[in-house]
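One structure is given below, encoded as structure tokens.
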Amino acid sequence: MRLPLRLLVPLAVIAAATLFYLAVAPWTAGRARDEARATALGTARQQARLLDSELNKYRLLPIVLSEYSDLRDALSGGTSADAARRLDRKLAPLAERTGAAVIYAIDARGMTVAASNAARADSFVGHDYRFRPYYRLAMRDGSAEYFALGNVSGRPGLFLSRRIDGPGGPTGVVVVKVEFDAVTRAWSNDPGTTLLVDGHGIVLATTDPREALRTLRPLSPATRAAVQASGQFGSAPLPLTYVRPGTDPTRLTIATPLDVPGWQLVRVVPIARALREAAGLARLATATFALVLLLLAALLAWRTTRQARAATVRAQLQAAVTERTAELSAEMERRADADQRFRAAREELAQANRLASLGSITAGLAHEINQPVATIRTLAENAQHHLAAGRNDRVGATLESAVALTARIGSITQEMRRFARRGSGRVEPVALDEVLDGTLLLVGDRLRGANVAVDWPARGQPAVIAGRVRLEQVLVNLLNNAVDAVAGRDDPRIALLVEEQETCVTLIVADNGGGIDPALGEEVFSPFVTGKPDGLGLGLGIARDIMAQFDGALRIVPSPLGGAAFMASVKRA
């Protein structure tokens, strides 16, 4: 019997979701284990580095102590020698400062002659430690490291020993006992349990006090007998740990080796919560997958039953889009045309401003040209006289001077033509030195005629991103305004300052005139707003518009000369 479509679709979705969950659940669980393993391994390595660092610090102590003269005197003088008591007084603060559990010296007979705990009831002084492996190994090999329970304190620790040699042979051993309480407290800040185990799997130190002196794996009878015979761990029964690696799937075990041969740092981290979250993620993904399948099925049914209506809607939408696109295209064309007209009008206004500026500086430029022309005439007459007198060398020098003056006239007229030309509108790297030279050529005569003291920038300025003619126009406008502002003063002064910033260059035109009327303020940049009786109020607005074309700015700043100051900022090239 064929099932109806309304029953077939839900059954298919349930079957697909079941298969999806069976595939995703193991993947999310494996990913959770991998992330937990990576985190546990990183933590284990960090804790191992901490332990290795601590042990390396304590390994230096026996080496440093071997250079103590009091140590050698105490080892050769016995337990009652004055040197032994002096050594007691030195070892006590040294152990306190370094964190060592105890520091003591054993002579060649195996007797402890001095110790940092000499003043306490559990003093090691007078104890015979010939039976201790760390003493025998150090006397034989020069140094030794041995973990065991303390014979007096009963506390576990690592004994670092070093042989002290004298002129006649070994005089004894110096020992530093290191306990791991501080290290295990630091390890406790990390989640999970940390175990320090030796080569037999015996837990030497741990963040869980219950796990101390237990074993990760069963000891063989021979190993257990050897450990008990050595007295390394006293009468401890050495049972198995509570956290047996591999027996609980909700706990992850990571081991990393240490500098001490056979030692390992073992991290046991619970992952039950991570596995629950992974299972929840798998269920959520399955539910999402089933929902998507249902939505796709619903969409397919909707498309099948509503195809005709959808075609009509698409046609209507396409028509509306086409109509709107045409409207937007027409609007964009109108805006582009208006923008083009605005740019043309703006350039016309700037051109008119330049021509108006030329009218005010033409007389000065004519004076600049008349001087070299008169000098050229004089040089030509001198050349005639020298030529008639046969002084050819002077003729050559005179003509060279005349050529240089003609080049001067050429630069003046070229600057006038450049300034009068309509700008190209291009913004490109421009040498600021050339802009400053052109500006000075245009307004220099007016500055001299007005008897104004001018501070002008030195050469060697950086290049900027601008249009040369338009930037000169801005500076000419600002300098002309400054000349007008200082007219009639006893000590007229103008400064053109250049300051380099990280990404831009600022040009400040300052004067010591009367300043800007506070009632005007920023309004001076508006068209037809001016503080001059005969001014039009267009120059500053055009100048600010030009600086905006360069992605720069023009604004009023405090004047270092006490009058008015304008700062034009432009990008560095």
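Each chain in the structure tokens gets a letter, A, B, ..., in the order shown, and its residues are numbered from 1; ligands are numbered from 1 in order too.
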Legend entry - Residues within 7 Å of Ala92 in chain A, only C-alpha atoms, excluding chain neighbours under 4 positions, as a PyMOL selection string: chain A and resi 88+96+116-117
How would the residues just picked look written out with N, CA and C atoms as a short mmCIF file (atom, residue, chain, number, x, y, z; two decimals), in the first residue's frame?
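Okay, part.cif is ready:
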data_model
loop_
_atom_site.label_atom_id
_atom_site.label_comp_id
_atom_site.auth_asym_id
_atom_site.auth_seq_id
_atom_site.Cartn_x
_atom_site.Cartn_y
_atom_site.Cartn_z
N ASP A 88 75.12 27.19 61.16
CA ASP A 88 73.70 27.10 61.51
C ASP A 88 73.01 28.44 61.32
N GLU A 96 64.96 30.00 54.76
CA GLU A 96 63.70 30.75 54.81
C GLU A 96 63.52 31.58 53.54
N SER A 116 69.91 24.07 59.01
CA SER A 116 69.09 25.28 59.13
C SER A 116 68.05 25.14 60.23
N ASN A 117 67.73 23.89 60.65
CA ASN A 117 66.75 23.70 61.73
C ASN A 117 67.43 23.36 63.05
#
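Near Trp27 in chain A, within 10 Å and counting only C-alpha atoms, sit Tyr21, Leu22, Ala32, Arg33, Ala278, Ala279 and Ala282 of chain A, not including residues fewer than 5 positions from it in the same chain.
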Keeping N, CA, C and O atoms, export the residues of the selection given above as a compact mmCIF listing (two decimals), in the first residue's frame.
# COMPACT_ATOMS: atom_id res chain seq x y z
N TYR A 21 22.01 12.14 13.42
CA TYR A 21 22.45 12.11 14.82
C TYR A 21 23.49 11.02 15.04
O TYR A 21 24.49 11.23 15.75
N LEU A 22 23.27 9.84 14.44
CA LEU A 22 24.24 8.75 14.60
C LEU A 22 25.60 9.11 14.01
O LEU A 22 26.63 8.58 14.46
N ALA A 32 35.08 17.09 21.51
CA ALA A 32 35.16 17.52 22.90
C ALA A 32 36.36 16.90 23.61
O ALA A 32 37.07 17.57 24.37
N ARG A 33 36.60 15.59 23.33
CA ARG A 33 37.77 14.94 23.94
C ARG A 33 39.07 15.57 23.43
O ARG A 33 40.01 15.77 24.21
N ALA A 278 28.69 18.17 24.40
CA ALA A 278 28.83 17.66 23.04
C ALA A 278 27.56 16.92 22.61
O ALA A 278 27.10 17.06 21.46
N ALA A 279 26.99 16.12 23.54
CA ALA A 279 25.76 15.42 23.21
C ALA A 279 24.62 16.42 22.97
O ALA A 279 23.80 16.25 22.05
N ALA A 282 25.06 17.86 19.60
CA ALA A 282 24.61 16.92 18.56
C ALA A 282 23.09 16.91 18.45
O ALA A 282 22.54 16.90 17.34
Inset, instruction - Pull the strand (DSSP E or B) assignments for range 18-208 of chain A out of DSSP run on the backbone, and list those residues as a VMD selection string. - result: chain A and resid 102 to 107 111 to 115 128 143 to 149 156 to 166 169 to 178 193 to 197 202 to 206
Inset, instruction - Using only C-alpha atoms, determine which residues lie at most 12 Å from Gly280 in chain A, disregarding the query and same-chain residues fewer than 3 positions distant; provide the list as a ChimeraX atom specification. - result: /A:21,24-25,28-29,32,273-277,283-287
For all heavy atoms, I'd like the residues from the last selection saved as a short mmCIF file (atom, residue, chain, number, x, y, z; two decimals), in the first residue's frame.
data_model
loop_
_atom_site.label_atom_id
_atom_site.label_comp_id
_atom_site.auth_asym_id
_atom_site.auth_seq_id
_atom_site.Cartn_x
_atom_site.Cartn_y
_atom_site.Cartn_z
N TYR A 21 22.01 12.14 13.42
CA TYR A 21 22.45 12.11 14.82
C TYR A 21 23.49 11.02 15.04
O TYR A 21 24.49 11.23 15.75
CB TYR A 21 21.26 11.89 15.74
CG TYR A 21 21.65 11.83 17.20
CD1 TYR A 21 21.93 12.98 17.91
CD2 TYR A 21 21.78 10.60 17.86
CE1 TYR A 21 22.30 12.94 19.24
CE2 TYR A 21 22.16 10.55 19.18
CZ TYR A 21 22.42 11.72 19.87
OH TYR A 21 22.81 11.68 21.17
N VAL A 24 26.69 12.51 13.72
CA VAL A 24 27.22 13.72 14.36
C VAL A 24 27.63 13.48 15.80
O VAL A 24 28.64 14.03 16.28
CB VAL A 24 26.18 14.85 14.27
CG1 VAL A 24 26.57 16.04 15.15
CG2 VAL A 24 26.03 15.30 12.83
N ALA A 25 26.88 12.64 16.53
CA ALA A 25 27.16 12.45 17.96
C ALA A 25 28.59 11.97 18.22
O ALA A 25 29.28 12.54 19.09
CB ALA A 25 26.14 11.49 18.57
N THR A 28 31.02 15.02 17.59
CA THR A 28 31.05 16.05 18.62
C THR A 28 31.73 15.55 19.90
O THR A 28 32.47 16.29 20.55
CB THR A 28 29.62 16.53 18.95
OG1 THR A 28 28.81 15.40 19.32
CG2 THR A 28 29.00 17.21 17.74
N ALA A 29 31.49 14.26 20.24
CA ALA A 29 32.14 13.70 21.43
C ALA A 29 33.66 13.64 21.23
O ALA A 29 34.43 13.98 22.13
CB ALA A 29 31.58 12.31 21.74
N ALA A 32 35.08 17.09 21.51
CA ALA A 32 35.16 17.52 22.90
C ALA A 32 36.36 16.90 23.61
O ALA A 32 37.07 17.57 24.37
CB ALA A 32 33.86 17.16 23.62
N ARG A 273 31.20 16.87 31.80
CA ARG A 273 30.44 18.04 31.39
C ARG A 273 30.66 18.33 29.91
O ARG A 273 29.70 18.65 29.19
CB ARG A 273 30.86 19.25 32.24
CG ARG A 273 30.13 20.52 31.87
CD ARG A 273 30.54 21.67 32.77
NE ARG A 273 29.88 22.90 32.39
CZ ARG A 273 30.06 24.07 32.99
NH1 ARG A 273 30.90 24.13 34.04
NH2 ARG A 273 29.44 25.15 32.58
N ALA A 274 31.92 18.22 29.45
CA ALA A 274 32.19 18.46 28.04
C ALA A 274 31.46 17.45 27.16
O ALA A 274 30.95 17.80 26.08
CB ALA A 274 33.69 18.40 27.78
N LEU A 275 31.39 16.17 27.62
CA LEU A 275 30.68 15.17 26.83
C LEU A 275 29.17 15.45 26.82
O LEU A 275 28.51 15.25 25.79
CB LEU A 275 30.95 13.77 27.42
CG LEU A 275 32.39 13.27 27.27
CD1 LEU A 275 32.56 11.92 27.96
CD2 LEU A 275 32.79 13.17 25.81
N ARG A 276 28.64 15.93 27.96
CA ARG A 276 27.21 16.29 27.98
C ARG A 276 26.94 17.45 27.03
O ARG A 276 25.94 17.46 26.30
CB ARG A 276 26.78 16.66 29.40
CG ARG A 276 26.68 15.48 30.36
CD ARG A 276 25.91 15.85 31.61
NE ARG A 276 26.53 16.95 32.33
CZ ARG A 276 27.46 16.82 33.26
NH1 ARG A 276 27.91 15.60 33.59
NH2 ARG A 276 27.96 17.88 33.87
N GLU A 277 27.82 18.43 27.04
CA GLU A 277 27.64 19.56 26.13
C GLU A 277 27.76 19.11 24.68
O GLU A 277 27.04 19.61 23.81
CB GLU A 277 28.67 20.64 26.44
CG GLU A 277 28.44 21.32 27.79
CD GLU A 277 29.53 22.33 28.11
OE1 GLU A 277 30.52 22.38 27.35
OE2 GLU A 277 29.39 23.07 29.11
N ARG A 283 22.40 16.94 19.60
CA ARG A 283 20.92 16.98 19.55
C ARG A 283 20.43 18.28 18.93
O ARG A 283 19.47 18.28 18.14
CB ARG A 283 20.36 16.80 20.96
CG ARG A 283 20.53 15.39 21.52
CD ARG A 283 19.73 15.19 22.79
NE ARG A 283 20.23 16.00 23.89
CZ ARG A 283 21.17 15.62 24.75
NH1 ARG A 283 21.71 14.40 24.63
NH2 ARG A 283 21.55 16.41 25.73
N LEU A 284 21.08 19.39 19.28
CA LEU A 284 20.68 20.67 18.71
C LEU A 284 20.90 20.68 17.20
O LEU A 284 20.04 21.16 16.43
CB LEU A 284 21.46 21.80 19.37
CG LEU A 284 21.19 23.22 18.83
CD1 LEU A 284 19.73 23.58 19.03
CD2 LEU A 284 22.11 24.23 19.51
N ALA A 285 22.07 20.16 16.77
CA ALA A 285 22.34 20.10 15.34
C ALA A 285 21.33 19.21 14.62
O ALA A 285 20.88 19.53 13.51
CB ALA A 285 23.76 19.59 15.10
N THR A 286 20.96 18.09 15.27
CA THR A 286 19.97 17.20 14.65
C THR A 286 18.62 17.88 14.54
O THR A 286 17.93 17.77 13.51
CB THR A 286 19.86 15.91 15.47
OG1 THR A 286 21.15 15.28 15.55
CG2 THR A 286 18.88 14.93 14.83
N ALA A 287 18.21 18.58 15.61
CA ALA A 287 16.94 19.29 15.56
C ALA A 287 16.94 20.36 14.48
O ALA A 287 15.96 20.54 13.74
CB ALA A 287 16.64 19.92 16.93
#
Neighbours of range 38-51 of chain A within 8 Å (only C-alpha atoms; same-chain residues fewer than 5 positions away dropped), as a compact mmCIF listing (two decimals) with N, CA and C atoms, in the first residue's frame?
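After the write, part06.txt holds the following:
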# COMPACT_ATOMS: atom_id res chain seq x y z
N VAL A 183 54.46 24.30 45.18
CA VAL A 183 54.19 23.97 43.78
C VAL A 183 52.79 23.37 43.64
N TRP A 187 49.59 24.46 41.45
CA TRP A 187 48.88 23.55 40.52
C TRP A 187 47.39 23.51 40.84
N ASP A 190 44.49 25.18 38.78
CA ASP A 190 43.99 24.64 37.52
C ASP A 190 42.98 23.54 37.81
N ILE A 254 46.48 12.76 30.98
CA ILE A 254 47.56 13.25 30.14
C ILE A 254 48.85 13.18 30.96
N ALA A 255 49.93 12.71 30.35
CA ALA A 255 51.23 12.62 31.04
C ALA A 255 52.28 13.35 30.22
N THR A 256 53.18 14.05 30.92
CA THR A 256 54.29 14.73 30.25
C THR A 256 55.56 14.48 31.05
N PRO A 257 56.71 14.23 30.40
CA PRO A 257 57.95 13.93 31.13
C PRO A 257 58.55 15.18 31.77
N LEU A 258 59.42 14.94 32.78
CA LEU A 258 60.12 16.02 33.49
C LEU A 258 61.61 15.84 33.33
N LEU A 265 54.68 14.11 34.95
CA LEU A 265 53.58 14.90 35.49
C LEU A 265 52.30 14.39 34.84
N VAL A 266 51.37 13.92 35.65
CA VAL A 266 50.13 13.31 35.14
C VAL A 266 48.96 14.22 35.51
N ARG A 267 48.15 14.56 34.48
CA ARG A 267 46.96 15.37 34.69
C ARG A 267 45.73 14.50 34.48
N VAL A 269 41.73 14.94 34.23
CA VAL A 269 40.75 16.01 34.06
C VAL A 269 39.38 15.39 33.80
Skipping near chain neighbours, those fewer than 3 positions away, what residues fall within 12 Å of Ile508 in chain A using only C-alpha atoms, listed as a tab-separated table (two decimals) with all heavy atoms, in the first residue's frame?
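Writing the result to part_8.tsv gives the following:
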chain	number	residue	atom	x	y	z
A	455	ASP	N	58.50	86.44	8.11
A	455	ASP	CA	59.21	85.20	8.45
A	455	ASP	C	58.82	84.16	7.42
A	455	ASP	O	57.65	83.73	7.36
A	455	ASP	CB	58.82	84.74	9.86
A	455	ASP	CG	59.28	85.72	10.92
A	455	ASP	OD1	60.27	86.43	10.66
A	455	ASP	OD2	58.62	85.79	11.98
A	456	TRP	N	59.77	83.74	6.57
A	456	TRP	CA	59.47	82.82	5.45
A	456	TRP	C	60.15	81.47	5.69
A	456	TRP	O	61.27	81.44	6.22
A	456	TRP	CB	59.97	83.44	4.14
A	456	TRP	CG	59.30	82.84	2.93
A	456	TRP	CD1	59.80	81.88	2.13
A	456	TRP	CD2	58.02	83.19	2.41
A	456	TRP	NE1	58.91	81.60	1.14
A	456	TRP	CE2	57.79	82.38	1.28
A	456	TRP	CE3	57.04	84.09	2.78
A	456	TRP	CZ2	56.63	82.45	0.52
A	456	TRP	CZ3	55.89	84.16	2.03
A	456	TRP	CH2	55.68	83.36	0.91
A	457	PRO	N	59.52	80.38	5.36
A	457	PRO	CA	60.13	79.06	5.61
A	457	PRO	C	61.41	78.85	4.79
A	457	PRO	O	61.53	79.35	3.66
A	457	PRO	CB	59.04	78.07	5.18
A	457	PRO	CG	57.79	78.87	5.06
A	457	PRO	CD	58.19	80.24	4.74
A	474	VAL	N	45.54	79.83	-2.55
A	474	VAL	CA	45.18	79.90	-1.13
A	474	VAL	C	46.18	80.75	-0.36
A	474	VAL	O	45.81	81.64	0.42
A	474	VAL	CB	45.10	78.47	-0.55
A	474	VAL	CG1	44.92	78.53	0.97
A	474	VAL	CG2	43.96	77.70	-1.17
A	475	LEU	N	47.49	80.50	-0.59
A	475	LEU	CA	48.51	81.24	0.15
A	475	LEU	C	48.51	82.72	-0.24
A	475	LEU	O	48.70	83.60	0.61
A	475	LEU	CB	49.89	80.61	-0.10
A	475	LEU	CG	50.07	79.18	0.43
A	475	LEU	CD1	51.44	78.66	0.08
A	475	LEU	CD2	49.86	79.15	1.94
A	478	LEU	N	45.64	84.38	1.59
A	478	LEU	CA	45.91	84.55	3.02
A	478	LEU	C	46.96	85.63	3.27
A	478	LEU	O	46.84	86.44	4.20
A	478	LEU	CB	46.36	83.22	3.62
A	478	LEU	CG	45.34	82.07	3.60
A	478	LEU	CD1	45.95	80.80	4.19
A	478	LEU	CD2	44.08	82.45	4.37
A	479	LEU	N	48.02	85.67	2.42
A	479	LEU	CA	49.07	86.68	2.61
A	479	LEU	C	48.55	88.08	2.28
A	479	LEU	O	48.89	89.05	2.96
A	479	LEU	CB	50.27	86.33	1.74
A	479	LEU	CG	51.07	85.10	2.22
A	479	LEU	CD1	52.04	84.65	1.16
A	479	LEU	CD2	51.82	85.43	3.51
A	482	ALA	N	46.63	89.21	5.15
A	482	ALA	CA	47.52	89.58	6.25
A	482	ALA	C	48.13	90.96	6.03
A	482	ALA	O	48.26	91.76	6.97
A	482	ALA	CB	48.61	88.53	6.41
A	494	ILE	N	54.46	89.62	9.47
A	494	ILE	CA	53.72	88.45	8.96
A	494	ILE	C	54.65	87.24	9.04
A	494	ILE	O	55.85	87.37	8.79
A	494	ILE	CB	53.24	88.67	7.51
A	494	ILE	CG1	52.24	89.83	7.45
A	494	ILE	CG2	52.61	87.41	6.94
A	494	ILE	CD1	51.83	90.19	6.04
A	495	ALA	N	54.09	86.10	9.36
A	495	ALA	CA	54.88	84.86	9.41
A	495	ALA	C	54.14	83.77	8.62
A	495	ALA	O	52.93	83.62	8.76
A	495	ALA	CB	55.09	84.41	10.85
A	496	LEU	N	54.90	83.06	7.79
A	496	LEU	CA	54.40	81.85	7.11
A	496	LEU	C	55.16	80.67	7.70
A	496	LEU	O	56.36	80.53	7.49
A	496	LEU	CB	54.61	81.93	5.60
A	496	LEU	CG	54.22	80.68	4.80
A	496	LEU	CD1	52.77	80.28	5.07
A	496	LEU	CD2	54.42	80.89	3.31
A	497	LEU	N	54.46	79.86	8.49
A	497	LEU	CA	55.09	78.75	9.23
A	497	LEU	C	54.67	77.42	8.61
A	497	LEU	O	53.50	77.24	8.26
A	497	LEU	CB	54.68	78.80	10.70
A	497	LEU	CG	54.85	80.14	11.41
A	497	LEU	CD1	54.27	80.07	12.80
A	497	LEU	CD2	56.32	80.52	11.45
A	498	VAL	N	55.62	76.51	8.49
A	498	VAL	CA	55.35	75.16	7.97
A	498	VAL	C	55.67	74.17	9.08
A	498	VAL	O	56.78	74.17	9.62
A	498	VAL	CB	56.19	74.84	6.71
A	498	VAL	CG1	55.89	73.42	6.23
A	498	VAL	CG2	55.89	75.85	5.61
A	499	GLU	N	54.68	73.32	9.43
A	499	GLU	CA	54.88	72.30	10.47
A	499	GLU	C	54.55	70.94	9.88
A	499	GLU	O	53.49	70.76	9.26
A	499	GLU	CB	53.97	72.58	11.67
A	499	GLU	CG	54.28	73.90	12.36
A	499	GLU	CD	53.35	74.14	13.55
A	499	GLU	OE1	52.46	73.29	13.77
A	499	GLU	OE2	53.52	75.16	14.24
A	500	GLU	N	55.47	69.98	10.07
A	500	GLU	CA	55.28	68.62	9.54
A	500	GLU	C	54.64	67.75	10.61
A	500	GLU	O	55.13	67.67	11.74
A	500	GLU	CB	56.63	68.02	9.11
A	500	GLU	CG	57.31	68.78	7.99
A	500	GLU	CD	58.57	68.07	7.52
A	500	GLU	OE1	58.53	66.83	7.37
A	500	GLU	OE2	59.60	68.75	7.33
A	505	VAL	N	50.87	68.11	6.41
A	505	VAL	CA	51.70	69.30	6.57
A	505	VAL	C	50.77	70.48	6.79
A	505	VAL	O	49.76	70.61	6.08
A	505	VAL	CB	52.59	69.52	5.34
A	505	VAL	CG1	53.40	70.80	5.49
A	505	VAL	CG2	53.53	68.34	5.12
A	511	ASP	N	49.65	87.09	11.50
A	511	ASP	CA	50.02	88.52	11.46
A	511	ASP	C	49.84	89.11	12.85
A	511	ASP	O	49.28	88.48	13.75
A	511	ASP	CB	49.19	89.28	10.42
A	511	ASP	CG	47.69	89.23	10.73
A	511	ASP	OD1	47.29	89.74	11.80
A	511	ASP	OD2	46.92	88.67	9.92
A	553	ALA	N	42.06	71.06	4.99
A	553	ALA	CA	41.16	71.92	5.76
A	553	ALA	C	41.80	73.29	5.90
A	553	ALA	O	43.03	73.45	5.78
A	553	ALA	CB	40.88	71.33	7.14
A	554	LEU	N	40.97	74.29	6.14
A	554	LEU	CA	41.41	75.65	6.43
A	554	LEU	C	40.58	76.15	7.61
A	554	LEU	O	39.35	76.15	7.55
A	554	LEU	CB	41.20	76.56	5.20
A	554	LEU	CG	41.58	78.04	5.40
A	554	LEU	CD1	43.07	78.16	5.68
A	554	LEU	CD2	41.18	78.87	4.19
A	555	ARG	N	41.26	76.57	8.67
A	555	ARG	CA	40.53	77.03	9.84
A	555	ARG	C	41.32	78.12	10.55
A	555	ARG	O	42.52	78.32	10.31
A	555	ARG	CB	40.26	75.87	10.80
A	555	ARG	CG	41.49	75.20	11.37
A	555	ARG	CD	41.07	74.08	12.32
A	555	ARG	NE	42.20	73.43	12.95
A	555	ARG	CZ	42.85	72.40	12.44
A	555	ARG	NH1	42.48	71.91	11.27
A	555	ARG	NH2	43.86	71.86	13.09
A	556	ILE	N	40.62	78.81	11.43
A	556	ILE	CA	41.21	79.88	12.23
A	556	ILE	C	41.91	79.27	13.44
A	556	ILE	O	41.37	78.37	14.09
A	556	ILE	CB	40.13	80.88	12.69
A	556	ILE	CG1	39.40	81.47	11.48
A	556	ILE	CG2	40.74	81.98	13.54
A	556	ILE	CD1	38.19	82.29	11.86
A	557	VAL	N	43.13	79.76	13.73
A	557	VAL	CA	43.88	79.29	14.89
A	557	VAL	C	44.43	80.51	15.63
A	557	VAL	O	44.50	81.61	15.07
A	557	VAL	CB	45.03	78.34	14.47
A	557	VAL	CG1	44.49	77.08	13.84
A	557	VAL	CG2	45.99	79.04	13.51
A	558	PRO	N	44.81	80.32	16.90
A	558	PRO	CA	45.44	81.44	17.62
A	558	PRO	C	46.72	81.89	16.94
A	558	PRO	O	47.53	81.08	16.49
A	558	PRO	CB	45.71	80.86	19.01
A	558	PRO	CG	44.75	79.72	19.13
A	558	PRO	CD	44.59	79.16	17.75
A	559	SER	N	46.92	83.19	16.85
A	559	SER	CA	48.10	83.72	16.16
A	559	SER	C	49.29	83.82	17.11
A	559	SER	O	49.16	84.39	18.19
A	559	SER	CB	47.79	85.10	15.58
A	559	SER	OG	48.98	85.68	15.04
A	560	PRO	N	50.43	83.26	16.72
A	560	PRO	CA	51.63	83.42	17.56
A	560	PRO	C	52.14	84.86	17.58
A	560	PRO	O	52.97	85.21	18.41
A	560	PRO	CB	52.64	82.47	16.90
A	560	PRO	CG	52.19	82.34	15.48
A	560	PRO	CD	50.70	82.44	15.52
A	561	LEU	N	51.63	85.73	16.65
A	561	LEU	CA	52.07	87.12	16.61
A	561	LEU	C	51.07	88.05	17.27
A	561	LEU	O	51.27	89.26	17.30
A	561	LEU	CB	52.29	87.54	15.15
A	561	LEU	CG	53.33	86.73	14.35
A	561	LEU	CD1	53.49	87.30	12.95
A	561	LEU	CD2	54.66	86.71	15.07
A	564	ALA	N	45.71	87.83	13.73
A	564	ALA	CA	44.93	86.73	13.17
A	564	ALA	C	45.86	85.67	12.61
A	564	ALA	O	47.00	85.95	12.25
A	564	ALA	CB	43.99	87.25	12.08
A	565	ALA	N	45.36	84.43	12.51
A	565	ALA	CA	46.15	83.34	11.93
A	565	ALA	C	45.19	82.32	11.33
A	565	ALA	O	44.14	82.02	11.90
A	565	ALA	CB	47.04	82.68	12.98
A	566	PHE	N	45.57	81.83	10.15
A	566	PHE	CA	44.81	80.79	9.46
A	566	PHE	C	45.74	79.61	9.21
A	566	PHE	O	46.91	79.81	8.80
A	566	PHE	CB	44.24	81.29	8.13
A	566	PHE	CG	43.19	82.36	8.29
A	566	PHE	CD1	43.54	83.70	8.42
A	566	PHE	CD2	41.86	82.01	8.32
A	566	PHE	CE1	42.57	84.67	8.58
A	566	PHE	CE2	40.88	82.98	8.48
A	566	PHE	CZ	41.22	84.31	8.61
A	567	MET	N	45.25	78.39	9.45
A	567	MET	CA	46.06	77.18	9.25
A	567	MET	C	45.44	76.34	8.14
A	567	MET	O	44.28	75.93	8.23
A	567	MET	CB	46.15	76.34	10.53
A	567	MET	CG	47.06	75.12	10.37
A	567	MET	SD	47.31	74.23	11.92
A	567	MET	CE	45.69	73.49	12.11
A	568	ALA	N	46.23	76.08	7.09
A	568	ALA	CA	45.82	75.20	5.99
A	568	ALA	C	46.56	73.88	6.15
A	568	ALA	O	47.79	73.86	6.23
A	568	ALA	CB	46.14	75.83	4.64
A	569	SER	N	45.82	72.78	6.24
A	569	SER	CA	46.44	71.46	6.38
A	569	SER	C	46.23	70.67	5.11
A	569	SER	O	45.15	70.68	4.52
A	569	SER	CB	45.85	70.70	7.58
A	569	SER	OG	44.46	70.52	7.40
A	570	VAL	N	47.29	69.97	4.67
A	570	VAL	CA	47.25	69.21	3.42
A	570	VAL	C	48.04	67.93	3.63
A	570	VAL	O	48.96	67.87	4.45
A	570	VAL	CB	47.85	70.05	2.26
A	570	VAL	CG1	49.31	70.37	2.52
A	570	VAL	CG2	47.65	69.37	0.92
Inset, instruction - Could you give me, as a VMD selection string, the residues within 9 Å of range 294-308 of chain A, counting only C-alpha atoms and dropping anything in the same chain fewer than 3 positions from it? - result: chain A and resid 9 to 10 13 289 to 291 311 to 313
Taking N, CA and C atoms for each residue, export the selection above as an mmCIF file, in the first residue's frame.
data_model
loop_
_atom_site.group_PDB
_atom_site.id
_atom_site.type_symbol
_atom_site.label_atom_id
_atom_site.label_comp_id
_atom_site.auth_asym_id
_atom_site.auth_seq_id
_atom_site.Cartn_x
_atom_site.Cartn_y
_atom_site.Cartn_z
ATOM 1 N N VAL A 9 6.445 12.311 4.044
ATOM 2 C CA VAL A 9 7.444 13.354 4.303
ATOM 3 C C VAL A 9 7.907 13.332 5.765
ATOM 4 N N PRO A 10 7.009 13.297 6.787
ATOM 5 C CA PRO A 10 7.503 13.245 8.180
ATOM 6 C C PRO A 10 8.347 12.009 8.467
ATOM 7 N N VAL A 13 11.764 12.554 7.084
ATOM 8 C CA VAL A 13 12.526 13.498 7.907
ATOM 9 C C VAL A 13 13.039 12.826 9.167
ATOM 10 N N PHE A 289 18.803 20.304 11.797
ATOM 11 C CA PHE A 289 18.789 19.599 10.515
ATOM 12 C C PHE A 289 17.365 19.163 10.158
ATOM 13 N N ALA A 290 16.647 18.615 11.157
ATOM 14 C CA ALA A 290 15.265 18.185 10.898
ATOM 15 C C ALA A 290 14.379 19.374 10.542
ATOM 16 N N LEU A 291 14.583 20.496 11.247
ATOM 17 C CA LEU A 291 13.793 21.684 10.951
ATOM 18 C C LEU A 291 14.065 22.188 9.541
ATOM 19 N N ALA A 311 5.230 33.216 -10.580
ATOM 20 C CA ALA A 311 5.638 33.781 -11.863
ATOM 21 C C ALA A 311 5.055 35.172 -12.046
ATOM 22 N N THR A 312 3.776 35.346 -11.660
ATOM 23 C CA THR A 312 3.136 36.651 -11.772
ATOM 24 C C THR A 312 3.828 37.682 -10.876
ATOM 25 N N VAL A 313 4.105 37.254 -9.644
ATOM 26 C CA VAL A 313 4.771 38.161 -8.711
ATOM 27 C C VAL A 313 6.147 38.555 -9.238
#
Legend entry - Among listed residues A:Pro218, A:Pro249, A:Gly99, A:Gly154, nearest Ala272 in chain A (using only C-alpha atoms): A:Pro249
Legend entry - Within 8 Å of range 429-441 of chain A using only C-alpha atoms, minus same-chain residues under 2 positions, as a ChimeraX atom specification: /A:365,412,415,427,443-445,459-469,471-472,475-476,573
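Minimum atom-to-atom distance to Asp165 in chain A, evaluated using only C-alpha atoms, belongs to A:Ser66 out of A:Ser66, A:Asp198, A:Asn151, A:Asp248.
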Inset, instruction - Find the distance between CA of Ser53 in chain A and CA of Ala186 in chain A and write it in Å to one decimal. - result: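 Interatomic distance, CA of Ser53 in chain A to CA of Ala186 in chain A: 13.2 Å.
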